[in-house]
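**Student:** Sharing a structure below in structure tokens format, with a few things to ask.
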Amino acid sequence: MSFQLQDRASISSRIGSYNQYAETNPKPLVEGRLIRMVGLTLEAEGCKVPVGGHCIIRSPNLPDVETEVVGFSGEKLFLMPLEPVSGLQPGARVIPLKHTSKVPIGNQLLGRVLNGRGLPLDGKGPFDLNESAPLARDPINPLDRRPISEPLDVGVRAINTLLTVGQGQRMGLFAGSGVGKSVLLGMMTKYTTADITVVGLIGERGREVKEFIENILGEEGMKRSVVVASPADDSPLMRLHGAMLATSIAEHYRDQGKNVLLLMDSLTRYAQAQREIALAVGEPPATKGYPPSVFAKLPALVERAGNGVEGGGSITAFYTVLTEGDDVQDPVADSARAILDGHIVLSRRLAEEGQYPAIDIEASISRVMPNIVDDNHMQSGQVFKRLYSRYQQSRDLISVGAYVQGSDPETDLAIQKIEGLKSFLRQPLTQAVGFEEGLNDLQMLFT
């Protein structure tokens, strides 16, 4: 089957598919009617559609509205529209569709920008794709996964050397607003040695989507990238689908044996979209307004990334996590920290001091680094962190002149090396530092 995607979904073709199916099937899908609309949720009765199935809401003199079943209570279905709606009335026809949430995939997606439904946003014309994949896919059996054994060069010196990331690792990028997380993501997209990069911009401001693609990612970064953008004004279901679509595309390339870098900005917006849906269908809040289903959805999404089976490809994933008010104990941040293979914390204080990328080395960790680097590399990284941390601990004393030279040999060495350490952590946006080059720079600090 060939998928011809236009700028908007062809709902009429789906209605035609439904009508054709109803004519030939002895037990056609039964239509229902709309009985209630409360907030984001539509309620229908008279038809039986499984959770995850799709329906069309048809009203006189109004465009058809495609919805997805997100829950039920007895004979009543809870529907969530894929796009904002207005003008619906009680009694509108609810027409079940045979298809479920599948998206077309293929190599034509490279260099393109899609929305949460897999439709082009970049004005470069439709796709002609012959494959499709489900939005929700079961993770690989953990016993079948290839172990993480090789580092991935992301082109950022501080990460390559002090927080080395392995192929198939899943990292969290914890940051408040305005500390440079999008810039760091753009650097990794342009400078990584991964074969393919998939970027999911979920719940961000619409202005930032274009700025990220044109100013941060650039033409060079787009050549081997696929961008899925579902901005903040999309419906919560579309934002949820956008994150799942980006993961499905990454899985497609991993199945082809490619090493994929998946960058998702942000995991917090994904959680907030699920919170909106869950609260709308009546799920009770649990932790700071987040219902339990949110904390079930997070690992279900994250566990789809990682290495494939032996001989296959990998998905190395970076998920940004917004720490509101720089609170790293936010429930989403706390949950993400527990299910990811490490975290990189961006510091507002360092950003205000002009250090970019503003990586807080003391608060960051890569849990697989000891398994993928040699002893010399590991030892150099530990010496760097120890000296940097020792200087930060004595910083107030040093700044007011209360520290006496010679009181502690390690602190003396930290004061001597601190400018070199800070310079090592800084890296211009337009400069790529490869893995070997960064390792040489690290070892030169202590020779």
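Labeling convention for the structure tokens: chains A, B, ... as they appear, residues from 1 per chain, ligands from 1 in order of appearance.
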Running DSSP on the backbone, which parts of stretch 290-441 of chain A land in helix (DSSP H, G or I), as an MDAnalysis selection string?

**Tutor:** chainID A and resid 292:302 324:326 331:339 348:352 361:363 369:372 375:393 395:399 409:425 435:441

**Student:** Determine, counting only C-alpha atoms, which protein, DNA and RNA residues have an atom within 8 Å of an atom of A:Arg275; residues of the same chain fewer than 5 positions away are not included. Present the result as a list in words.

**Tutor:**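 Listed by chain and then number, they are Gly289, Tyr290, Pro291, Ser293 and Val294 of chain A.
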
**Student:** Using only C-alpha atoms, which of A:Ser149, A:Gln431, A:Ser380, A:Thr411 sits nearest A:Phe446?

**Tutor:**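 Smallest distance to A:Phe446 is found for A:Ser380.
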
**Student:** I want to know what sits within 9 Å of A:Gly306, based on only C-alpha atoms, with residues of the same chain fewer than 6 positions away left out; could you give that as JSON, numbers by chain?

**Tutor:** {"A": [145, 146, 148, 167, 168, 169, 170, 314, 315, 316, 317]}

**Student:** List the neighbours of stretch 154-158 of chain A out to 6 Å using only C-alpha atoms; skip same-chain residues closer than 3 positions along the sequence, and give me the result as JSON, numbers by chain.

**Tutor:** {"A": [161, 162, 188, 191, 192, 425, 432, 433, 434, 438]}

**Student:** Restrict the calculation to only C-alpha atoms, then for each residue of stretch 212-263 of chain A with any atom at most 10 Å from an atom of stretch 83-99 of chain A give the closest atom pair and their distance in Å to one decimal, rows by chain and rising residue number, as JSON lines.

**Tutor:**
{"residue": "A:Asp233", "atom": "CA", "partner": "A:Pro84", "partner_atom": "CA", "distance": 9.0}
{"residue": "A:Asp234", "atom": "CA", "partner": "A:Glu83", "partner_atom": "CA", "distance": 6.9}
{"residue": "A:Ser235", "atom": "CA", "partner": "A:Glu83", "partner_atom": "CA", "distance": 5.7}
{"residue": "A:Pro236", "atom": "CA", "partner": "A:Glu83", "partner_atom": "CA", "distance": 9.0}
{"residue": "A:Leu237", "atom": "CA", "partner": "A:Glu83", "partner_atom": "CA", "distance": 8.4}
{"residue": "A:Met238", "atom": "CA", "partner": "A:Glu83", "partner_atom": "CA", "distance": 7.5}

**Student:** Point out the residue among A:Ser389, A:Gly39, A:Thr320, A:Gly401 with the least atom-to-atom distance to A:Leu413, counting only C-alpha atoms.

**Tutor:**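 The shortest atom-to-atom distance to A:Leu413 comes from A:Ser389.
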
**Student:** So that I can see what lies close to stretch 48-59 of chain A, please list as a compact mmCIF listing (two decimals) with all heavy atoms, in the first residue's frame the residues with an atom at most 10 Å from it, counting only C-alpha atoms and leaving out residues fewer than 3 positions away in the same chain.

**Tutor:**
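Contents of part06.txt, freshly written:
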# COMPACT_ATOMS: atom_id res chain seq x y z
N ILE A 11 -9.28 12.88 5.34
CA ILE A 11 -10.29 12.18 6.13
C ILE A 11 -11.33 11.55 5.23
O ILE A 11 -11.83 10.46 5.50
CB ILE A 11 -10.94 13.15 7.13
CG1 ILE A 11 -9.90 13.61 8.16
CG2 ILE A 11 -12.12 12.51 7.84
CD1 ILE A 11 -10.44 14.58 9.17
N SER A 12 -11.64 12.21 4.11
CA SER A 12 -12.67 11.67 3.23
C SER A 12 -12.27 10.30 2.69
O SER A 12 -13.12 9.42 2.52
CB SER A 12 -12.93 12.64 2.07
OG SER A 12 -11.74 12.83 1.32
N ARG A 14 -10.58 8.10 4.29
CA ARG A 14 -10.79 7.14 5.36
C ARG A 14 -12.27 6.82 5.50
O ARG A 14 -12.65 5.69 5.79
CB ARG A 14 -10.24 7.71 6.68
CG ARG A 14 -8.72 7.81 6.66
CD ARG A 14 -8.20 8.52 7.87
NE ARG A 14 -6.73 8.57 7.83
CZ ARG A 14 -6.00 9.40 8.52
NH1 ARG A 14 -6.59 10.28 9.30
NH2 ARG A 14 -4.69 9.39 8.44
N ILE A 15 -13.12 7.85 5.30
CA ILE A 15 -14.56 7.59 5.31
C ILE A 15 -14.92 6.63 4.19
O ILE A 15 -15.71 5.70 4.36
CB ILE A 15 -15.34 8.91 5.15
CG1 ILE A 15 -15.11 9.81 6.36
CG2 ILE A 15 -16.82 8.64 4.97
CD1 ILE A 15 -15.65 9.27 7.64
N LEU A 29 -18.95 -2.12 11.26
CA LEU A 29 -18.82 -1.32 12.47
C LEU A 29 -20.06 -0.45 12.63
O LEU A 29 -20.58 0.12 11.68
CB LEU A 29 -17.57 -0.44 12.37
CG LEU A 29 -16.25 -1.19 12.24
CD1 LEU A 29 -15.11 -0.22 12.01
CD2 LEU A 29 -15.97 -2.03 13.47
N VAL A 30 -20.55 -0.35 13.86
CA VAL A 30 -21.82 0.33 14.14
C VAL A 30 -21.55 1.79 14.49
O VAL A 30 -20.68 2.09 15.30
CB VAL A 30 -22.55 -0.37 15.30
CG1 VAL A 30 -23.86 0.35 15.62
CG2 VAL A 30 -22.82 -1.82 14.95
N GLU A 31 -22.30 2.68 13.87
CA GLU A 31 -22.17 4.10 14.18
C GLU A 31 -22.79 4.40 15.54
O GLU A 31 -23.67 3.70 16.03
CB GLU A 31 -22.88 4.94 13.12
CG GLU A 31 -22.19 4.94 11.77
CD GLU A 31 -22.84 5.94 10.83
OE1 GLU A 31 -23.63 6.80 11.31
OE2 GLU A 31 -22.57 5.87 9.62
N GLY A 32 -22.31 5.48 16.14
CA GLY A 32 -22.87 5.95 17.39
C GLY A 32 -23.23 7.42 17.28
O GLY A 32 -23.29 7.98 16.18
N ARG A 33 -23.45 8.05 18.41
CA ARG A 33 -23.79 9.47 18.39
C ARG A 33 -23.08 10.17 19.55
O ARG A 33 -22.80 9.58 20.60
CB ARG A 33 -25.29 9.68 18.48
CG ARG A 33 -25.91 9.23 19.78
CD ARG A 33 -27.44 9.31 19.75
NE ARG A 33 -28.01 8.97 21.04
CZ ARG A 33 -28.25 9.84 22.01
NH1 ARG A 33 -27.97 11.13 21.82
NH2 ARG A 33 -28.78 9.47 23.17
N LEU A 34 -22.81 11.44 19.33
CA LEU A 34 -22.14 12.26 20.33
C LEU A 34 -23.16 12.71 21.36
O LEU A 34 -24.23 13.22 21.01
CB LEU A 34 -21.51 13.48 19.65
CG LEU A 34 -20.58 14.36 20.48
CD1 LEU A 34 -19.34 13.58 20.89
CD2 LEU A 34 -20.20 15.60 19.69
N LEU A 42 -14.72 14.23 24.41
CA LEU A 42 -16.01 13.98 23.78
C LEU A 42 -16.51 12.64 24.28
O LEU A 42 -15.74 11.69 24.43
CB LEU A 42 -15.88 13.95 22.26
CG LEU A 42 -15.21 15.15 21.59
CD1 LEU A 42 -15.09 14.92 20.09
CD2 LEU A 42 -15.98 16.42 21.87
N ALA A 44 -19.33 9.53 23.59
CA ALA A 44 -20.20 8.97 22.56
C ALA A 44 -20.79 7.67 23.06
O ALA A 44 -20.22 7.00 23.93
CB ALA A 44 -19.42 8.75 21.27
N GLU A 45 -21.94 7.30 22.52
CA GLU A 45 -22.55 6.02 22.85
C GLU A 45 -23.12 5.41 21.58
O GLU A 45 -23.36 6.10 20.59
CB GLU A 45 -23.65 6.20 23.90
CG GLU A 45 -24.82 7.03 23.45
CD GLU A 45 -25.90 7.13 24.53
OE1 GLU A 45 -25.64 6.72 25.67
OE2 GLU A 45 -27.01 7.63 24.20
N LEU A 62 -20.25 21.24 9.05
CA LEU A 62 -18.98 21.35 9.75
C LEU A 62 -17.99 20.33 9.17
O LEU A 62 -18.40 19.26 8.71
CB LEU A 62 -19.15 21.09 11.25
CG LEU A 62 -19.86 22.15 12.09
CD1 LEU A 62 -20.02 21.65 13.52
CD2 LEU A 62 -19.08 23.46 12.07
N PRO A 63 -16.71 20.65 9.18
CA PRO A 63 -15.73 19.67 8.71
C PRO A 63 -15.72 18.43 9.61
O PRO A 63 -16.02 18.52 10.81
CB PRO A 63 -14.39 20.42 8.80
CG PRO A 63 -14.74 21.86 8.92
CD PRO A 63 -16.08 21.91 9.58
N ASP A 64 -15.40 17.29 9.03
CA ASP A 64 -15.28 16.08 9.83
C ASP A 64 -14.12 16.21 10.81
O ASP A 64 -13.08 16.81 10.50
CB ASP A 64 -15.04 14.87 8.91
CG ASP A 64 -16.28 14.53 8.10
OD1 ASP A 64 -17.38 14.87 8.54
OD2 ASP A 64 -16.12 13.91 7.02
N VAL A 65 -14.29 15.65 11.98
CA VAL A 65 -13.29 15.72 13.03
C VAL A 65 -12.83 14.30 13.36
O VAL A 65 -13.66 13.45 13.71
CB VAL A 65 -13.86 16.39 14.30
CG1 VAL A 65 -12.82 16.38 15.42
CG2 VAL A 65 -14.31 17.81 14.00
N GLU A 66 -11.53 14.04 13.23
CA GLU A 66 -11.01 12.72 13.58
C GLU A 66 -10.64 12.70 15.05
O GLU A 66 -10.01 13.62 15.57
CB GLU A 66 -9.81 12.35 12.72
CG GLU A 66 -9.35 10.91 12.96
CD GLU A 66 -8.32 10.44 11.95
OE1 GLU A 66 -7.95 11.22 11.07
OE2 GLU A 66 -7.90 9.26 12.07
N THR A 67 -11.02 11.62 15.73
CA THR A 67 -10.77 11.47 17.16
C THR A 67 -10.17 10.09 17.44
O THR A 67 -10.21 9.19 16.59
CB THR A 67 -12.07 11.62 17.97
OG1 THR A 67 -12.97 10.57 17.59
CG2 THR A 67 -12.72 12.97 17.72
N GLU A 68 -9.64 9.96 18.63
CA GLU A 68 -9.11 8.67 19.08
C GLU A 68 -9.78 8.29 20.39
O GLU A 68 -10.02 9.15 21.25
CB GLU A 68 -7.59 8.75 19.26
CG GLU A 68 -6.96 7.42 19.69
CD GLU A 68 -5.45 7.49 19.73
OE1 GLU A 68 -4.85 8.05 18.79
OE2 GLU A 68 -4.86 7.00 20.72
N VAL A 69 -10.06 7.01 20.56
CA VAL A 69 -10.68 6.52 21.78
C VAL A 69 -9.60 6.43 22.86
O VAL A 69 -8.60 5.73 22.70
CB VAL A 69 -11.33 5.15 21.57
CG1 VAL A 69 -11.96 4.65 22.88
CG2 VAL A 69 -12.39 5.22 20.48
N VAL A 70 -9.80 7.14 23.97
CA VAL A 70 -8.80 7.16 25.04
C VAL A 70 -9.32 6.50 26.31
O VAL A 70 -8.57 6.38 27.29
CB VAL A 70 -8.35 8.61 25.35
CG1 VAL A 70 -7.61 9.19 24.16
CG2 VAL A 70 -9.54 9.48 25.74
N GLY A 71 -10.58 6.05 26.31
CA GLY A 71 -11.11 5.37 27.48
C GLY A 71 -12.59 5.08 27.28
O GLY A 71 -13.19 5.46 26.27
N PHE A 72 -13.18 4.38 28.25
CA PHE A 72 -14.60 4.08 28.18
C PHE A 72 -15.12 3.84 29.59
O PHE A 72 -14.37 3.56 30.53
CB PHE A 72 -14.88 2.87 27.29
CG PHE A 72 -14.22 1.60 27.75
CD1 PHE A 72 -14.84 0.76 28.66
CD2 PHE A 72 -12.97 1.24 27.26
CE1 PHE A 72 -14.24 -0.41 29.09
CE2 PHE A 72 -12.37 0.07 27.68
CZ PHE A 72 -12.99 -0.75 28.61
N GLU A 75 -21.05 1.56 28.45
CA GLU A 75 -21.29 1.68 27.01
C GLU A 75 -20.84 3.03 26.45
O GLU A 75 -21.01 3.30 25.26
CB GLU A 75 -22.79 1.49 26.73
CG GLU A 75 -23.34 0.13 27.12
CD GLU A 75 -22.69 -0.98 26.30
OE1 GLU A 75 -22.49 -0.80 25.09
OE2 GLU A 75 -22.37 -2.03 26.90
N LYS A 76 -20.27 3.86 27.29
CA LYS A 76 -19.89 5.21 26.87
C LYS A 76 -18.41 5.25 26.51
O LYS A 76 -17.56 4.75 27.26
CB LYS A 76 -20.21 6.18 28.00
CG LYS A 76 -19.94 7.63 27.69
CD LYS A 76 -20.60 8.53 28.72
CE LYS A 76 -20.17 8.19 30.13
NZ LYS A 76 -20.77 9.08 31.14
N LEU A 77 -18.08 5.85 25.37
CA LEU A 77 -16.69 6.01 24.92
C LEU A 77 -16.21 7.42 25.20
O LEU A 77 -16.97 8.40 25.04
CB LEU A 77 -16.58 5.75 23.41
CG LEU A 77 -16.85 4.34 22.90
CD1 LEU A 77 -16.67 4.30 21.39
CD2 LEU A 77 -15.95 3.32 23.57
N PHE A 78 -14.95 7.55 25.60
CA PHE A 78 -14.31 8.85 25.74
C PHE A 78 -13.39 9.06 24.54
O PHE A 78 -12.48 8.25 24.30
CB PHE A 78 -13.50 8.92 27.04
CG PHE A 78 -14.33 8.74 28.27
CD1 PHE A 78 -13.98 7.81 29.24
CD2 PHE A 78 -15.47 9.50 28.47
CE1 PHE A 78 -14.73 7.64 30.38
CE2 PHE A 78 -16.24 9.35 29.61
CZ PHE A 78 -15.88 8.42 30.57
N LEU A 79 -13.65 10.13 23.80
CA LEU A 79 -12.89 10.43 22.59
C LEU A 79 -12.08 11.70 22.79
O LEU A 79 -12.52 12.63 23.48
CB LEU A 79 -13.82 10.61 21.39
CG LEU A 79 -14.86 9.52 21.14
CD1 LEU A 79 -15.79 9.92 20.00
CD2 LEU A 79 -14.19 8.20 20.83
N MET A 80 -10.91 11.74 22.17
CA MET A 80 -10.08 12.94 22.21
C MET A 80 -9.80 13.36 20.77
O MET A 80 -9.28 12.57 19.98
CB MET A 80 -8.77 12.65 22.94
CG MET A 80 -7.92 13.88 23.21
SD MET A 80 -8.58 14.92 24.54
CE MET A 80 -8.42 13.85 25.96
N PRO A 81 -10.14 14.61 20.38
CA PRO A 81 -9.88 15.04 19.00
C PRO A 81 -8.39 15.24 18.74
O PRO A 81 -7.64 15.63 19.64
CB PRO A 81 -10.65 16.36 18.89
CG PRO A 81 -10.73 16.86 20.30
CD PRO A 81 -10.80 15.65 21.17
N LEU A 82 -7.99 14.98 17.51
CA LEU A 82 -6.59 15.18 17.13
C LEU A 82 -6.28 16.64 16.89
O LEU A 82 -5.12 17.05 16.92
CB LEU A 82 -6.26 14.36 15.88
CG LEU A 82 -6.26 12.84 16.06
CD1 LEU A 82 -6.03 12.15 14.73
CD2 LEU A 82 -5.21 12.41 17.06
N GLY A 87 -18.03 24.09 17.55
CA GLY A 87 -19.28 23.99 16.81
C GLY A 87 -19.98 22.65 16.88
O GLY A 87 -21.06 22.48 16.30
N LEU A 88 -19.41 21.66 17.58
CA LEU A 88 -20.06 20.35 17.65
C LEU A 88 -21.35 20.44 18.48
O LEU A 88 -21.44 21.22 19.42
CB LEU A 88 -19.11 19.33 18.28
CG LEU A 88 -17.86 18.97 17.46
CD1 LEU A 88 -17.02 17.95 18.21
CD2 LEU A 88 -18.26 18.41 16.10
N GLN A 89 -22.31 19.59 18.12
CA GLN A 89 -23.60 19.58 18.81
C GLN A 89 -23.94 18.17 19.26
O GLN A 89 -23.46 17.19 18.68
CB GLN A 89 -24.71 20.10 17.88
CG GLN A 89 -24.53 21.55 17.45
CD GLN A 89 -25.64 22.00 16.54
OE1 GLN A 89 -26.48 21.19 16.12
NE2 GLN A 89 -25.67 23.28 16.22
N PRO A 90 -24.77 18.04 20.30
CA PRO A 90 -25.20 16.70 20.72
C PRO A 90 -25.92 15.99 19.58
O PRO A 90 -26.63 16.61 18.78
CB PRO A 90 -26.16 16.98 21.88
CG PRO A 90 -25.78 18.35 22.36
CD PRO A 90 -25.31 19.09 21.16
N GLY A 91 -25.71 14.69 19.47
CA GLY A 91 -26.35 13.90 18.43
C GLY A 91 -25.56 13.77 17.16
O GLY A 91 -26.00 13.10 16.22
N ALA A 92 -24.37 14.40 17.07
CA ALA A 92 -23.54 14.28 15.87
C ALA A 92 -23.17 12.82 15.65
O ALA A 92 -23.01 12.04 16.60
CB ALA A 92 -22.29 15.13 16.00
N ARG A 93 -23.03 12.42 14.40
CA ARG A 93 -22.71 11.03 14.06
C ARG A 93 -21.28 10.72 14.49
O ARG A 93 -20.35 11.51 14.27
CB ARG A 93 -22.87 10.79 12.57
CG ARG A 93 -24.29 10.89 12.06
CD ARG A 93 -24.33 10.85 10.54
NE ARG A 93 -23.76 9.61 10.01
CZ ARG A 93 -23.45 9.42 8.72
NH1 ARG A 93 -23.64 10.41 7.86
NH2 ARG A 93 -22.96 8.28 8.33
N VAL A 94 -21.09 9.55 15.05
CA VAL A 94 -19.77 9.04 15.42
C VAL A 94 -19.52 7.81 14.56
O VAL A 94 -20.16 6.77 14.73
CB VAL A 94 -19.68 8.70 16.91
CG1 VAL A 94 -18.30 8.14 17.24
CG2 VAL A 94 -19.98 9.91 17.76
N ILE A 95 -18.59 7.94 13.60
CA ILE A 95 -18.35 6.89 12.61
C ILE A 95 -17.03 6.19 12.92
O ILE A 95 -15.96 6.82 12.82
CB ILE A 95 -18.31 7.48 11.19
CG1 ILE A 95 -19.59 8.28 10.91
CG2 ILE A 95 -18.11 6.39 10.15
CD1 ILE A 95 -19.57 9.02 9.59
N PRO A 96 -17.05 4.93 13.31
CA PRO A 96 -15.79 4.23 13.59
C PRO A 96 -14.97 4.04 12.31
O PRO A 96 -15.52 3.87 11.21
CB PRO A 96 -16.26 2.89 14.14
CG PRO A 96 -17.69 3.07 14.52
CD PRO A 96 -18.23 4.11 13.58
N LEU A 97 -13.68 4.06 12.48
CA LEU A 97 -12.76 3.79 11.38
C LEU A 97 -12.04 2.47 11.64
O LEU A 97 -11.77 2.11 12.80
CB LEU A 97 -11.73 4.92 11.24
CG LEU A 97 -12.27 6.30 10.91
CD1 LEU A 97 -11.14 7.32 10.86
CD2 LEU A 97 -13.02 6.28 9.58
N LYS A 98 -11.71 1.78 10.58
CA LYS A 98 -11.07 0.48 10.72
C LYS A 98 -9.60 0.62 11.10
O LYS A 98 -9.04 -0.23 11.78
CB LYS A 98 -11.21 -0.31 9.42
CG LYS A 98 -10.76 -1.75 9.55
CD LYS A 98 -10.95 -2.51 8.24
CE LYS A 98 -10.46 -3.94 8.36
NZ LYS A 98 -10.59 -4.68 7.08
N HIS A 99 -8.96 1.69 10.66
CA HIS A 99 -7.52 1.80 10.88
C HIS A 99 -7.21 2.22 12.31
O HIS A 99 -8.03 2.80 13.01
CB HIS A 99 -6.90 2.81 9.89
CG HIS A 99 -7.17 4.24 10.27
ND1 HIS A 99 -6.33 4.96 11.07
CD2 HIS A 99 -8.18 5.07 9.95
CE1 HIS A 99 -6.81 6.18 11.23
NE2 HIS A 99 -7.93 6.28 10.56
N THR A 100 -6.00 1.90 12.76
CA THR A 100 -5.51 2.32 14.07
C THR A 100 -4.36 3.30 13.86
O THR A 100 -4.10 3.73 12.73
CB THR A 100 -5.04 1.11 14.88
OG1 THR A 100 -4.05 0.40 14.12
CG2 THR A 100 -6.19 0.17 15.19
N SER A 101 -3.70 3.65 14.95
CA SER A 101 -2.65 4.67 14.86
C SER A 101 -1.37 4.08 14.25
O SER A 101 -0.52 3.53 14.96
CB SER A 101 -2.36 5.23 16.26
OG SER A 101 -3.48 5.91 16.76
N ALA A 136 2.61 2.86 18.77
CA ALA A 136 2.97 2.16 20.00
C ALA A 136 3.54 0.80 19.64
O ALA A 136 2.88 0.01 18.95
CB ALA A 136 1.75 2.01 20.90

**Student:** Restricting the calculation to only C-alpha atoms, which member of A:Ile398, A:Ala363, A:Ile415, A:Leu346 is positioned closest to A:Gly178?

**Tutor:**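 Looking at the shortest contact to A:Gly178, the residue is A:Leu346.
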
**Student:** Could you give me, as number ranges by chain, the residues within 12 Å of A:Tyr319, counting only C-alpha atoms and dropping anything in the same chain fewer than 6 positions from it?

**Tutor:** A: 169-175, 181-182, 185, 198-202, 243, 246-247, 261-271, 298, 301-302, 305, 332-333, 336-337, 339-345

**Student:** Restricted to C-alpha atoms, what would the selected residues look like written as a compact mmCIF listing (two decimals), in the first residue's frame?

**Tutor:**
# COMPACT_ATOMS: atom_id res chain seq x y z
CA GLN A 169 22.42 4.68 26.01
CA ARG A 170 19.47 6.81 27.15
CA MET A 171 20.43 10.10 28.80
CA GLY A 172 18.42 12.86 30.41
CA LEU A 173 19.23 16.52 29.81
CA PHE A 174 17.93 18.37 32.88
CA ALA A 175 17.58 22.12 32.52
CA LYS A 181 19.50 23.10 26.12
CA SER A 182 18.30 23.70 22.54
CA LEU A 185 20.89 19.62 21.17
CA VAL A 198 15.74 12.06 14.73
CA VAL A 199 14.62 15.20 16.56
CA GLY A 200 11.29 15.41 18.39
CA LEU A 201 10.21 18.96 19.31
CA ILE A 202 7.27 18.27 21.60
CA ALA A 243 6.85 11.81 20.72
CA ALA A 246 9.77 10.28 16.57
CA THR A 247 10.49 7.04 18.45
CA LEU A 261 20.68 9.61 17.69
CA LEU A 262 17.22 10.44 19.07
CA LEU A 263 16.84 13.91 20.60
CA MET A 264 13.51 14.65 22.27
CA ASP A 265 12.69 18.10 23.60
CA SER A 266 11.01 17.56 25.91
CA LEU A 267 10.00 14.53 27.95
CA THR A 268 8.28 16.87 30.40
CA ARG A 269 5.88 18.16 27.71
CA TYR A 270 5.10 14.56 26.80
CA ALA A 271 4.22 13.87 30.44
CA LEU A 298 7.31 7.44 30.63
CA LEU A 301 8.32 5.37 25.75
CA VAL A 302 11.92 5.44 26.98
CA ALA A 305 15.10 3.31 22.65
CA VAL A 332 8.75 14.01 36.21
CA ALA A 333 12.45 14.79 36.68
CA ALA A 336 13.11 10.25 34.51
CA ARG A 337 16.31 10.12 36.54
CA ILE A 339 14.63 5.12 34.35
CA LEU A 340 17.44 6.71 32.30
CA ASP A 341 21.08 5.60 32.02
CA GLY A 342 22.49 8.89 33.25
CA HIS A 343 21.76 12.60 33.32
CA ILE A 344 23.39 15.85 32.25
CA VAL A 345 22.42 18.87 34.35
